[in-house]
Amino acid sequence: MPGELAEEQARPRRVPAAATGSDGLERAVYDRMRELEQAHWWFVGRRELLGRVIGGLELSRDAKILEVGCGVGGNLPLLRRFGAVEALEPDAESRDYVAARLGVTVADGRLPDGLPYQDRAFDAVCSFDVLEHVEEDAASTRRLAELVAPGGYLVATVPAYRWMWSRHDELHHHRRRYTRAEFEALFRQAGLKVVKASYFNTLLFPLAVAARTAKRWLGLKGEDDRMPPGWLNRLLTRVFRWEATWVAQGAMPFGLSILVVARRPA
């Protein structure tokens, strides 16, 4: 039973076909991301964290930055603060949306073998909640590492813990969740030096565990990526922003997600 559950959670997940984007992700998920990315506490808090972490890296003012899997472009204005930004996204409709809203040309491509870039070209390569979607995560991490210039960085996030698997993972076509050790290993195997690794979304972790456990016991299938009431969204945003300062300065022992920053030797 516990072993069978662990085995089942470790398997790649498949979601029945629906109205999908070019990369197979359900169209409704992209539509919700457009609505949520600017104001939802999770996206706002994650940008706060990423801004603090990337702002602490040794990047020149004219740094070349690539975001792989930019989705609907919510992180691109943040990344522009640190250099010249390029982006890649396999979903055609999202590429058009980003071009119209931000004036950024987003390339088409897929991990691990469909990226239209030369090796070792970028000072920072970013992959935020992408690797959990791809079947070949080790090969994809190696390919991302090949795009990092000597002395440059690969910055990535993923969701944590297989036992936290929920309806959210199924709707977003996740194939896996990670422990910090598992995620760090991908970067070391790709020839990079891990310079920072931490869980995050730690303060809200107990609430998330309680909510997902209750849903399992009650057999509820509701989606958990809707906009909460305004007062609650503001409170959760504030909590996540508090935590961002701590993660930027150190490492959290557990949390809903994992951040790794790895560097290619100069």
# chains A, B, ... in the order shown; residues from 1 in each chain; ligands from 1
>>> select_by_dssp(residues="segment 24-224 of chain A", states="strand (DSSP E)", output="PyMOL selection string")
chain A and resi 64-68+84-88+106-107+122-128+148-159+193-200
>>> write_last_selection(atoms="C-alpha atoms", output="compact mmCIF listing (two decimals), in the first residue's frame")
# COMPACT_ATOMS: atom_id res chain seq x y z
CA LYS A 64 21.75 38.14 -22.19
CA ILE A 65 18.84 36.35 -20.55
CA LEU A 66 16.64 33.57 -21.93
CA GLU A 67 13.37 32.32 -20.46
CA VAL A 68 12.47 28.86 -21.70
CA ALA A 84 18.32 41.87 -22.74
CA VAL A 85 15.65 39.17 -22.76
CA GLU A 86 14.75 36.48 -25.27
CA ALA A 87 12.04 33.91 -24.74
CA LEU A 88 10.79 30.57 -25.99
CA VAL A 106 9.01 34.65 -28.68
CA ALA A 107 10.64 31.74 -30.48
CA PHE A 122 23.30 33.32 -22.46
CA ASP A 123 24.43 34.79 -19.15
CA ALA A 124 21.28 33.50 -17.48
CA VAL A 125 18.85 30.81 -18.64
CA CYS A 126 15.57 30.69 -16.73
CA SER A 127 13.08 27.85 -16.57
CA PHE A 128 10.25 28.51 -14.14
CA VAL A 148 24.66 28.90 -20.43
CA ALA A 149 27.80 30.92 -21.16
CA PRO A 150 30.92 30.27 -19.04
CA GLY A 151 30.34 31.93 -15.69
CA GLY A 152 26.61 32.16 -16.39
CA TYR A 153 23.62 30.79 -14.50
CA LEU A 154 20.72 28.39 -14.90
CA VAL A 155 17.79 29.38 -12.64
CA ALA A 156 14.86 27.00 -12.33
CA THR A 157 11.85 26.20 -10.17
CA VAL A 158 9.61 23.13 -9.88
CA PRO A 159 6.83 21.90 -7.57
CA LYS A 193 27.76 23.84 -9.85
CA VAL A 194 24.74 24.39 -7.61
CA VAL A 195 25.21 27.76 -5.87
CA LYS A 196 21.77 27.99 -4.27
CA ALA A 197 19.02 25.46 -3.57
CA SER A 198 15.97 26.02 -1.42
CA TYR A 199 12.37 25.07 -0.94
CA PHE A 200 10.00 28.01 -0.96
>>> select_by_dssp(residues="segment 17-188 of chain A", states="alpha helix (DSSP H)", output="ChimeraX atom specification")
/A:27-36,41-55,76-80,92-102,137-146,167-171,180-188
>>> write_last_selection(atoms="C-alpha atoms", output="compact mmCIF listing (two decimals), in the first residue's frame")
# COMPACT_ATOMS: atom_id res chain seq x y z
CA ARG A 27 -6.34 25.78 -23.50
CA ALA A 28 -8.30 26.68 -20.38
CA VAL A 29 -5.09 26.60 -18.31
CA TYR A 30 -3.46 29.21 -20.55
CA ASP A 31 -6.63 31.31 -20.43
CA ARG A 32 -6.61 31.24 -16.62
CA MET A 33 -2.91 32.16 -16.55
CA ARG A 34 -3.68 35.31 -18.53
CA GLU A 35 -6.25 36.27 -15.92
CA LEU A 36 -4.16 35.35 -12.88
CA TRP A 41 -0.68 35.89 -4.85
CA TRP A 42 1.33 32.89 -6.09
CA PHE A 43 2.57 34.60 -9.26
CA VAL A 44 3.21 37.93 -7.50
CA GLY A 45 5.08 36.22 -4.68
CA ARG A 46 7.16 34.07 -6.99
CA ARG A 47 8.19 37.14 -9.02
CA GLU A 48 9.22 38.85 -5.78
CA LEU A 49 11.37 35.86 -4.88
CA LEU A 50 12.89 35.51 -8.36
CA GLY A 51 13.64 39.23 -8.51
CA ARG A 52 15.55 39.09 -5.24
CA VAL A 53 17.47 35.96 -6.22
CA ILE A 54 18.37 37.05 -9.77
CA GLY A 55 19.22 40.55 -8.50
CA LEU A 76 9.41 38.89 -18.91
CA PRO A 77 9.02 42.43 -17.49
CA LEU A 78 10.85 41.24 -14.36
CA LEU A 79 13.69 39.67 -16.36
CA ARG A 80 14.07 42.83 -18.45
CA ALA A 92 1.53 29.44 -30.65
CA GLU A 93 -1.40 31.39 -29.20
CA SER A 94 0.66 32.39 -26.17
CA ARG A 95 3.53 33.53 -28.41
CA ASP A 96 1.12 35.81 -30.26
CA TYR A 97 -0.31 37.10 -27.00
CA VAL A 98 3.14 37.98 -25.63
CA ALA A 99 4.14 39.70 -28.87
CA ALA A 100 0.98 41.83 -28.83
CA ARG A 101 1.12 42.71 -25.11
CA LEU A 102 4.85 43.13 -24.55
CA ASP A 137 13.90 16.12 -17.49
CA ALA A 138 17.57 15.07 -17.25
CA ALA A 139 18.16 15.52 -20.99
CA SER A 140 16.27 18.82 -20.87
CA THR A 141 18.41 20.11 -18.00
CA ARG A 142 21.56 19.18 -19.91
CA ARG A 143 20.28 21.06 -22.96
CA LEU A 144 19.50 24.13 -20.88
CA ALA A 145 22.98 23.92 -19.35
CA GLU A 146 24.50 23.93 -22.84
CA ARG A 167 -5.88 17.73 -9.28
CA HIS A 168 -3.82 20.85 -10.00
CA ASP A 169 -0.93 18.68 -11.25
CA GLU A 170 -3.25 16.74 -13.53
CA LEU A 171 -4.86 19.86 -15.01
CA ARG A 180 15.33 19.19 -3.37
CA ALA A 181 18.00 16.48 -3.60
CA GLU A 182 16.43 15.05 -6.77
CA PHE A 183 16.24 18.47 -8.40
CA GLU A 184 19.79 19.46 -7.45
CA ALA A 185 21.09 16.20 -8.93
CA LEU A 186 19.82 17.17 -12.39
CA PHE A 187 22.07 20.24 -12.43
CA ARG A 188 25.16 18.46 -11.17
>>> atom_distance(atom1="atom CA of Leu192 of chain A", atom2="atom CA of Gly114 of chain A")
21.3 Å
>>> atom_distance(atom1="atom CA of Thr245 of chain A", atom2="atom CA of Leu57 of chain A")
14.9 Å
>>> atom_distance(atom1="atom CA of Ser257 of chain A", atom2="atom CA of Arg61 of chain A")
29.1 Å
>>> closest_atom_pairs(of="segment 166-222 of chain A", to="segment 228-241 of chain A", cutoff="10 Å", atoms="only C-alpha atoms", output="tab-separated table")
residue	atom	partner	partner_atom	distance
A:Phe200	CA	A:Phe240	CA	8.9
A:Asn201	CA	A:Phe240	CA	6.6
A:Thr202	CA	A:Phe240	CA	8.6
A:Leu203	CA	A:Val239	CA	7.3
A:Leu204	CA	A:Val239	CA	7.9
